[in-house]
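Reviewing the structure listed below.
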Amino acid sequence: MKLLSQLRTSSFQLALLYMVVFATSVFLLLAFIYWRTAGFMTAQTDETIEAEIAGLAEQYRGRGVNGLITIIRERVARDPNAKSIYLLTTDDFLKLAGNIETWPEGSRSESGWINFTLNESVGWTGPERLARARIFEVQGGLRLLVGRDVDELTNLKRVIETAINWGMGITLALALLGGFLMSRSTTRRIEVINNTSRRIMNGHLSLRIPTRGTDDDFDQLAENLNQMLDRIVYLMEGIRHVSDSIAHDLRTPLTRLRNQLENTLMSVDNDEAREQAGRAVAEADQLLATFNALLRIARLETRGNTADMKPVPLDELVADACELYEALAEDKDQSFEQDLQSGVKIEGDRDLLFQMVSNLIDNAIKYTPEHGVIGVSVRREGSEAVFEVRDSGIGIPDAEKDQVFQRFYRVGKSRSLPGNGLGLSLVSAVAEIHQGRIVLSDTHPGEESPGLTVAVKIPAFTEARKRIRATQAEQPSDSAAGETHAASESTGVKTH
């Protein structure tokens, strides 16, 4: 599987492209060398034959037919290995001289050149060999064949062809191996960057991409990314500091204002004044809850997965949350339908998970009309633990399902209800810490009030995940690991 992923990398594909270009270049070069070498050897053989023909022609002109026969016999006698091939016949193919008996069969070119095999069919007594010759007619009706044994030349061509084939095969193998090693080295460095980036995205903001000190392209990229991360962390810390300062500075006067309003509420006797003071107290509570929620979300998003992770029975946690909210549901004559599969565990921070579950159940109660039904379930799906809450309220349009996790975002239909649009943002932050995901869908698709089903899917706890978590715990944690537990602050506002 790892090999297949290696073959899919762009670096390997680039190396493969280079291999094809390189192999093609080598093939063209070797083909050119072969063509020139084989052509030169063939031309040299032809020149040798032409020289012998010229010598025989000169003897024929000076000594006639008898002299031609004599010189052919002398040459045959001087060449016991029969490197040269001769055959002189009459017009009716009667042999006069030569070292073969009959005319060979073979394709004859317009210039008189012929390639044939020396074997028994031409009266050859030695081992079968290849030959090349030229045929032409001599004055007086005679026919003359002059050729050369080219068996060694043919074998040499075959050796060259075999060498070229092996050379191409070795070239392709080495290019493939080199491409794999190059892409493997490149992929390793890219994977280091990817792994570090994933850990940074999971909240380890103090981590930086390692460099080798070679000052190559990857080192320059890593240094630029590290500088960018330093700048981002600096800006985030500045924003957090400003947000915390504003929240803390405003919470103190708001708390004093609320207490003064509450004291006023208790001291006045006028009903109208008491009503106004009560509304002011409620508004102050709303503002304080909003500040608390903002602080909590900011801290959750910066702390990453450094929360206190322990095995948590999800069914028991959800049962406790349902028990807590049953009284609130009874006030609206709503009923709970619980389907809690036992033995489903996840690894996480119990307080954060309880806050997430409470937010979702509170939302369902808030948006489900009187006499409605709220469904709560816990189950195991493969390697994931699923917590699901279903309501029969106004629902969320499909076009807005991806936007409701943004801070202060509220669906148009819910703007008349209490809330500030931070509930699902907090749920999303808690799910992200636990490497979970949230799926929104309609409870009753197609109906006027489709309701909303929120499914939170978190990796289920296993011994293997416990070992992985223990390994990660040994690695350096980010600067946010020591922050105050986000769940220690309270908020009373949750919304879609």
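Lettering and numbering for the structure tokens are positional, with chains as A, B, ... in the shown order, residues counted from 1 in each chain, and ligands counted from 1 in the shown order.
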
Open item on the list: Please extract the residues of range 8-157 of chain A with a backbone DSSP assignment of alpha helix (DSSP H) and present them as number ranges by chain.
Closed with: A: 10-78, 151-157

Residues near range 359-374 of chain A, cut-off 6 Å, only C-alpha atoms, skip fewer than 2 positions along chain, as a short mmCIF file (atom, residue, chain, number, x, y, z; two decimals) with N, CA and C atoms, in the first residue's frame:
```cif
data_model
loop_
_atom_site.label_atom_id
_atom_site.label_comp_id
_atom_site.auth_asym_id
_atom_site.auth_seq_id
_atom_site.Cartn_x
_atom_site.Cartn_y
_atom_site.Cartn_z
N LYS A 332 -42.29 21.85 28.76
CA LYS A 332 -42.91 22.06 27.43
C LYS A 332 -43.65 20.82 26.97
N ASP A 333 -43.91 19.90 27.90
CA ASP A 333 -44.60 18.64 27.58
C ASP A 333 -43.90 17.89 26.44
N GLN A 334 -42.60 17.92 26.44
CA GLN A 334 -41.81 17.19 25.44
C GLN A 334 -41.36 15.86 26.03
N SER A 335 -41.16 14.90 25.16
CA SER A 335 -40.75 13.58 25.62
C SER A 335 -39.40 13.20 25.01
N PHE A 336 -38.65 12.48 25.82
CA PHE A 336 -37.35 12.00 25.37
C PHE A 336 -37.48 10.57 24.86
N MET A 356 -20.67 19.81 25.38
CA MET A 356 -21.12 19.64 24.01
C MET A 356 -22.49 18.95 23.96
N VAL A 357 -22.62 17.84 24.68
CA VAL A 357 -23.88 17.11 24.70
C VAL A 357 -25.00 17.98 25.27
N ARG A 390 -32.04 14.37 17.81
CA ARG A 390 -33.05 14.68 16.79
C ARG A 390 -34.15 15.53 17.41
N ASP A 391 -34.53 16.58 16.69
CA ASP A 391 -35.66 17.38 17.16
C ASP A 391 -36.67 17.52 16.03
N SER A 392 -37.83 18.08 16.36
CA SER A 392 -38.89 18.28 15.36
C SER A 392 -39.21 19.76 15.23
N GLY A 393 -38.14 20.58 15.27
CA GLY A 393 -38.33 22.02 15.21
C GLY A 393 -38.32 22.56 13.80
N LYS A 494 -27.18 28.75 24.16
CA LYS A 494 -26.86 27.83 23.06
C LYS A 494 -27.85 28.03 21.95
N THR A 495 -27.40 27.91 20.76
CA THR A 495 -28.33 28.17 19.63
C THR A 495 -27.87 27.41 18.42
#
```

Per-residue nearest contacts of range 90-169 of chain A to range 34-50 of chain A (10 Å; only C-alpha atoms) as CSV:
```
residue,atom,partner,partner_atom,distance
A:Trp113,CA,A:Asp46,CA,9.3
A:Arg132,CA,A:Asp46,CA,8.4
A:Ala133,CA,A:Ile49,CA,7.4
A:Arg134,CA,A:Ile49,CA,7.7
A:Val146,CA,A:Ile49,CA,6.7
A:Gly147,CA,A:Ile49,CA,5.9
A:Arg148,CA,A:Ile49,CA,6.8
A:Asp149,CA,A:Thr45,CA,9.2
A:Val150,CA,A:Thr45,CA,7.9
A:Leu153,CA,A:Met41,CA,7.3
A:Thr154,CA,A:Ala38,CA,9.1
A:Leu156,CA,A:Ala38,CA,8.8
A:Lys157,CA,A:Ala38,CA,6.6
A:Ile160,CA,A:Tyr34,CA,7.1
A:Glu161,CA,A:Tyr34,CA,7.7
A:Ile164,CA,A:Tyr34,CA,8.4
```

- prompt: Which residues come within 12 Å of Asn165 in chain A, counting only C-alpha atoms, excluding same-chain residues fewer than 2 positions away, as a count of residues only?
  reply: 18

#### Entry: Nearest-residue call for Ile396 in chain A, choices A:Gln286, A:Gln355, A:Ser183, A:Ser441, using only C-alpha atoms
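Smallest separation from Ile396 in chain A among the options: A:Ser441.
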